[in-house]
Amino acid sequence: MAENQNNAPVQQLSEILQVRRDKLKTLQDAGQDPFQITKFDVTHHAEEVKAQYDALENTEVMIAGRMMAKRIMGKASFAHVQDLSGKMQLYVARDSLGEEAYAGFKKMDIGDIIGVKGTVFKTKTEEISLHVTEITLLSKSLQPLPEKFHGLTNVDMRYRQRYVDLITNPEAKDTFIKRSKIISSIRRFLDAQGFMEVETPMLVSNAGGAAARPFETHFNALDEDFKLRISLELYLKRLIVGGLERVYEIGRVFRNEGLDTRHNPEFTLMELYQAYTDYHGMMDLTENMFRHVAKEVLGTTTITYNGVEMDLGKPFARITMVDAVKQYSGVDFKEIHTVEEARAAADLHHVEYEDRHTKGDILNLFFETFVEEHLIQPTFVMDHPVEISPLTKKKPDDPEYVERFEMFMNGWEMANAYSELNDPIDQRERFAEQEKQFAAGDEEANHTDEDFLNALEIGMPPTGGIGYGIDRLCMLFTDSPAIRDVLLFPTMKTID
């Protein structure tokens with residue numbers, strides 16, 4: 001016999017579904033349709049009652065939630081109701097509830113949403129409970145909940161039916177509560193630093209600001225092709241030009257790339273820009289912000305991910321990309337002066353490259369091959385080659401490199417920051433080089449943005465900017481193994 005996602009035979013499950021629908025029909029015929037109820041006055045949540053037991057003992061309260069367990073024991077029964085905060089035991093006695101209401105309670109199913117009024121007390125086993133005096137069916141559950149959700153043979157259902165995951169898996173609910181607290185903490189930190197939160201377009205004619213392939217669409221009203229943004233950068237910089245000296249945005253961006261444990265095609269990015277500072281200022285801000293969020297949300301600056309401790313309380317390490325590559329590969333790019341020498345080093349160390357790659361590209365390939373996996377503790381990797389940094393100021397004393405850093409933890413890139421390029425002439429030349437790269441086969445190259453160049457010609461002050469992957473931060477702070485575990489509704493292939 002075929003089985004469904006809950007491992008129940010189809011015939012048996014169909015009978016269960018029919019029984020629940022029959023119960024609903026009986027209620028509706030009796031004028032007791034639960035879907036006609038519009039409100040219930042909740043006075044407390046489960047954990048609130050437990051935390052305030054001394055003050056609430058023998059007090060009448062009203063709570064609501066989903067019934068997760070029920071034990072019928074003749075004239076008195078027990079049940080558990082689950083709300084946002086947790087679970088509360090209910091003591092349901094026929095003498096307190098009344099014979100008709102008690103009979104109705106016995107017909108209720110696991111998964112039904114109920115509202116209860118009752119008096120707070122402790123059972124003989126010292127469990128804080130409610131002695132129920134009224135119980136109301138607020139919504140009828142027509143589908144049975146899985147008995148053990150982690151036992152599903154198809155684990156993708158946790159992501160496809162997140163609503164069931166949140167009901168039956170407390171760890172999932174705690175992860176998303178913590179995610180919300182992380183983002184709120186970031187906002188409070190930046191607001192206190194004088195930053196202003198803004199919103200910029202998601203539909204754009206030129207998807208620039210990052211090396212990624214965009215999703216494309218067509219806007220019928222204008223009969224024009226548009227793209228979904230891959231970055232927040234170029235519009236936020238326009239606002240710096242306009243005199244908004246400290247701005248940030250937390251929003252979804254879209255990149256037409258693969259799925260894996262750290263990548264989803266739509267994800268949450270935060271970018272911020274601050275006038276009159278540079279990438280050193282961005283390092284200080286990042287270090288302070290990560291520390292602040294960890295203390296506020298986790299209560300500690302030491303986080304553990306997959307059994308590995310990372311200390312946000314100590315000063316973050318700072319190293320140049322060239323020095324990091326030398327440390328972990330033995331190759332010193334200070335001694336490499338031509339693309340031919342870079343290719344020879346790559347061949348010797350089995351680093352694959354393409355014909356279009358420059359010396360700077362190959363340095364970055366060495367970094368990805370030999371260095372990233374070692375950067376477990378918080379580390380700023382600074383001074384990237386100019387070829388891979390089209391929006392960044394060159395180092396005044398070494399124009400082959402730029403004032404850029406990437407922050408790493410757990411071997412992951414957590415942030416990317418620049419001293420922003422504000423020279424419109426240099427920026428136009430960088431765009432032209434990117435156009436050449438695109439023509440040579442680099443589908444992730446930037447395209448020339450004439451309006452952005454016009455903004456730079458109006459004049460942008462010296463500016464520091466940075467982008468943070470919010471989902472990866474949430475993964476680290478919640479010890480979640482995959483990005484899908486911190487996205488409420490991750491991208492999934494449609495089931496035929």
# chains A, B, ... in the order shown; residues from 1 in each chain; ligands from 1

call {"tool": "residues_around", "arguments": {"residues": "Met68 in chain A", "least_positions_apart": "2", "cutoff": "8 Å", "atoms": "only C-alpha atoms", "output": "PyMOL selection string"}}
result
chain A and resi 66+70+79-82+110-111

call {"tool": "write_last_selection", "arguments": {"atoms": "N, CA and C atoms", "output": "compact mmCIF listing (two decimals), in the first residue's frame"}}
result
# COMPACT_ATOMS: atom_id res chain seq x y z
N ARG A 66 -2.47 25.58 20.50
CA ARG A 66 -2.78 24.31 19.83
C ARG A 66 -2.69 23.16 20.83
N LYS A 70 -3.49 14.83 24.82
CA LYS A 70 -4.75 14.69 25.56
C LYS A 70 -4.82 13.30 26.15
N ALA A 79 -4.54 17.60 29.39
CA ALA A 79 -4.16 17.97 28.03
C ALA A 79 -3.01 18.97 28.10
N HIS A 80 -2.36 19.18 26.97
CA HIS A 80 -1.32 20.21 26.87
C HIS A 80 -1.67 21.15 25.74
N VAL A 81 -1.62 22.44 26.02
CA VAL A 81 -1.82 23.45 25.01
C VAL A 81 -0.49 24.15 24.76
N GLN A 82 -0.17 24.40 23.49
CA GLN A 82 1.11 25.02 23.12
C GLN A 82 0.84 26.37 22.46
N ILE A 110 -6.04 16.23 18.67
CA ILE A 110 -4.70 16.80 18.72
C ILE A 110 -4.52 17.68 17.48
N GLY A 111 -4.03 18.88 17.71
CA GLY A 111 -3.85 19.83 16.62
C GLY A 111 -4.91 20.91 16.60

call {"tool": "residues_around", "arguments": {"residues": "range 379-385 of chain A", "least_positions_apart": "5", "cutoff": "6 Å", "atoms": "only C-alpha atoms", "output": "list in words"}}
result
Phe316, Ala317, Arg318, Ile319, Thr320, Met321, Gly360, Glu400, Tyr401, Val402, Glu403, Arg404, Phe405, Glu406, Met407 and Phe408 of chain A

call {"tool": "residues_around", "arguments": {"residues": "Ala51 in chain A", "least_positions_apart": "6", "cutoff": "12 Å", "atoms": "only C-alpha atoms", "output": "list in words"}}
result
His44, His45, Glu57, Ser85, Gly86, Met88, Val120 and Ile128 of chain A

call {"tool": "select_by_dssp", "arguments": {"residues": "range 335-405 of chain A", "states": "strand (DSSP E)", "output": "PyMOL selection string"}}
result
chain A and resi 379-382+394-395+398-402+404-405

call {"tool": "atom_distance", "arguments": {"atom1": "CA of His447 in chain A", "atom2": "CA of Gln434 in chain A"}}
result
6.6 Å

call {"tool": "residues_around", "arguments": {"residues": "Glu354 in chain A", "least_positions_apart": "6", "cutoff": "12 Å", "atoms": "only C-alpha atoms", "output": "compact mmCIF listing (two decimals) with N, CA and C atoms, in the first residue's frame"}}
result
# COMPACT_ATOMS: atom_id res chain seq x y z
N VAL A 339 51.53 38.41 -15.10
CA VAL A 339 50.52 37.36 -15.16
C VAL A 339 51.15 36.02 -15.50
N ARG A 343 50.65 32.62 -13.40
CA ARG A 343 50.18 31.37 -13.98
C ARG A 343 51.14 30.23 -13.68
N ALA A 346 50.51 29.13 -10.24
CA ALA A 346 49.26 28.38 -10.18
C ALA A 346 49.44 26.96 -10.72
N ASP A 347 50.16 26.84 -11.83
CA ASP A 347 50.42 25.50 -12.38
C ASP A 347 51.18 24.63 -11.39
N ASP A 361 43.37 38.11 -10.24
CA ASP A 361 42.42 37.00 -10.19
C ASP A 361 43.06 35.74 -9.63
N ILE A 362 44.29 35.48 -10.05
CA ILE A 362 44.98 34.26 -9.61
C ILE A 362 45.35 34.34 -8.14
N LEU A 365 42.31 33.33 -6.43
CA LEU A 365 42.12 31.87 -6.52
C LEU A 365 43.01 31.14 -5.51
N GLN A 437 35.51 42.17 -19.48
CA GLN A 437 35.46 40.86 -18.83
C GLN A 437 34.16 40.13 -19.19
N ALA A 440 34.38 38.72 -22.52
CA ALA A 440 35.30 37.58 -22.56
C ALA A 440 34.70 36.34 -21.90
N GLY A 441 33.48 36.45 -21.40
CA GLY A 441 32.82 35.27 -20.86
C GLY A 441 32.50 35.31 -19.38
N ASP A 442 32.81 36.42 -18.69
CA ASP A 442 32.51 36.52 -17.26
C ASP A 442 31.07 37.01 -17.10

call {"tool": "residues_around", "arguments": {"residues": "range 103-109 of chain A", "least_positions_apart": "3", "cutoff": "12 Å", "atoms": "only C-alpha atoms", "output": "MDAnalysis selection string"}}
result
chainID A and resid 16:17 19:24 26:27 30 32 34 66:81 90:95 97:100 112:116 132:145

call {"tool": "write_last_selection", "arguments": {"atoms": "C-alpha atoms", "output": "short mmCIF file (atom, residue, chain, number, x, y, z; two decimals), in the first residue's frame"}}
result
data_model
loop_
_atom_site.label_atom_id
_atom_site.label_comp_id
_atom_site.auth_asym_id
_atom_site.auth_seq_id
_atom_site.Cartn_x
_atom_site.Cartn_y
_atom_site.Cartn_z
CA ILE A 16 -8.68 9.94 9.75
CA LEU A 17 -9.31 12.94 7.51
CA VAL A 19 -13.47 11.49 10.77
CA ARG A 20 -12.22 15.03 11.40
CA ARG A 21 -14.42 16.45 8.67
CA ASP A 22 -17.40 14.59 10.08
CA LYS A 23 -16.70 16.12 13.50
CA LEU A 24 -16.60 19.57 11.92
CA THR A 26 -21.56 17.84 13.34
CA LEU A 27 -20.43 21.05 15.05
CA ALA A 30 -25.33 22.21 15.79
CA GLN A 32 -21.09 25.57 16.80
CA PRO A 34 -15.42 27.03 15.17
CA ARG A 66 -2.78 24.31 19.83
CA MET A 67 -3.67 21.15 21.73
CA MET A 68 -0.62 18.90 21.53
CA ALA A 69 -1.61 16.06 23.88
CA LYS A 70 -4.75 14.69 25.56
CA ARG A 71 -5.27 11.94 28.14
CA ILE A 72 -8.89 11.04 28.82
CA MET A 73 -9.31 9.57 32.32
CA GLY A 74 -13.04 9.23 32.95
CA LYS A 75 -14.43 12.24 34.79
CA ALA A 76 -11.12 14.14 34.74
CA SER A 77 -8.55 14.43 31.98
CA PHE A 78 -5.28 16.14 31.15
CA ALA A 79 -4.16 17.97 28.03
CA HIS A 80 -1.32 20.21 26.87
CA VAL A 81 -1.82 23.45 25.01
CA LEU A 90 -4.51 21.59 31.49
CA TYR A 91 -6.55 19.76 34.12
CA VAL A 92 -10.03 19.28 32.66
CA ALA A 93 -12.65 17.93 35.04
CA ARG A 94 -16.30 17.24 34.18
CA ASP A 95 -17.55 18.77 37.43
CA LEU A 97 -16.50 22.24 33.04
CA GLY A 98 -20.00 20.84 32.88
CA GLU A 99 -21.16 17.59 31.31
CA GLU A 100 -21.92 18.93 27.83
CA ASP A 112 -7.10 21.71 17.33
CA ILE A 113 -6.64 25.32 18.38
CA ILE A 114 -8.40 26.06 21.66
CA GLY A 115 -8.92 28.87 24.12
CA VAL A 116 -9.13 28.05 27.82
CA VAL A 132 -9.98 24.61 33.36
CA THR A 133 -13.41 26.19 33.86
CA GLU A 134 -14.13 27.05 30.21
CA ILE A 135 -12.79 25.65 26.95
CA THR A 136 -13.54 26.93 23.45
CA LEU A 137 -12.71 25.30 20.13
CA LEU A 138 -11.30 28.20 18.08
CA SER A 139 -10.19 26.34 14.95
CA LYS A 140 -10.60 22.73 13.83
CA SER A 141 -7.48 20.94 12.59
CA LEU A 142 -8.46 18.79 9.63
CA GLN A 143 -4.98 17.28 9.15
CA PRO A 144 -3.24 15.14 11.79
CA LEU A 145 0.14 16.29 13.03
#

call {"tool": "residues_around", "arguments": {"residues": "Glu257 in chain A", "least_positions_apart": "4", "cutoff": "8 Å", "atoms": "only C-alpha atoms", "output": "PyMOL selection string"}}
result
chain A and resi 212-213+264-265

call {"tool": "select_by_dssp", "arguments": {"residues": "range 243-462 of chain A", "states": "alpha helix (DSSP H)", "output": "ChimeraX atom specification"}}
result
/A:279-293,321-329,339-348,359-370,424-439,450-458
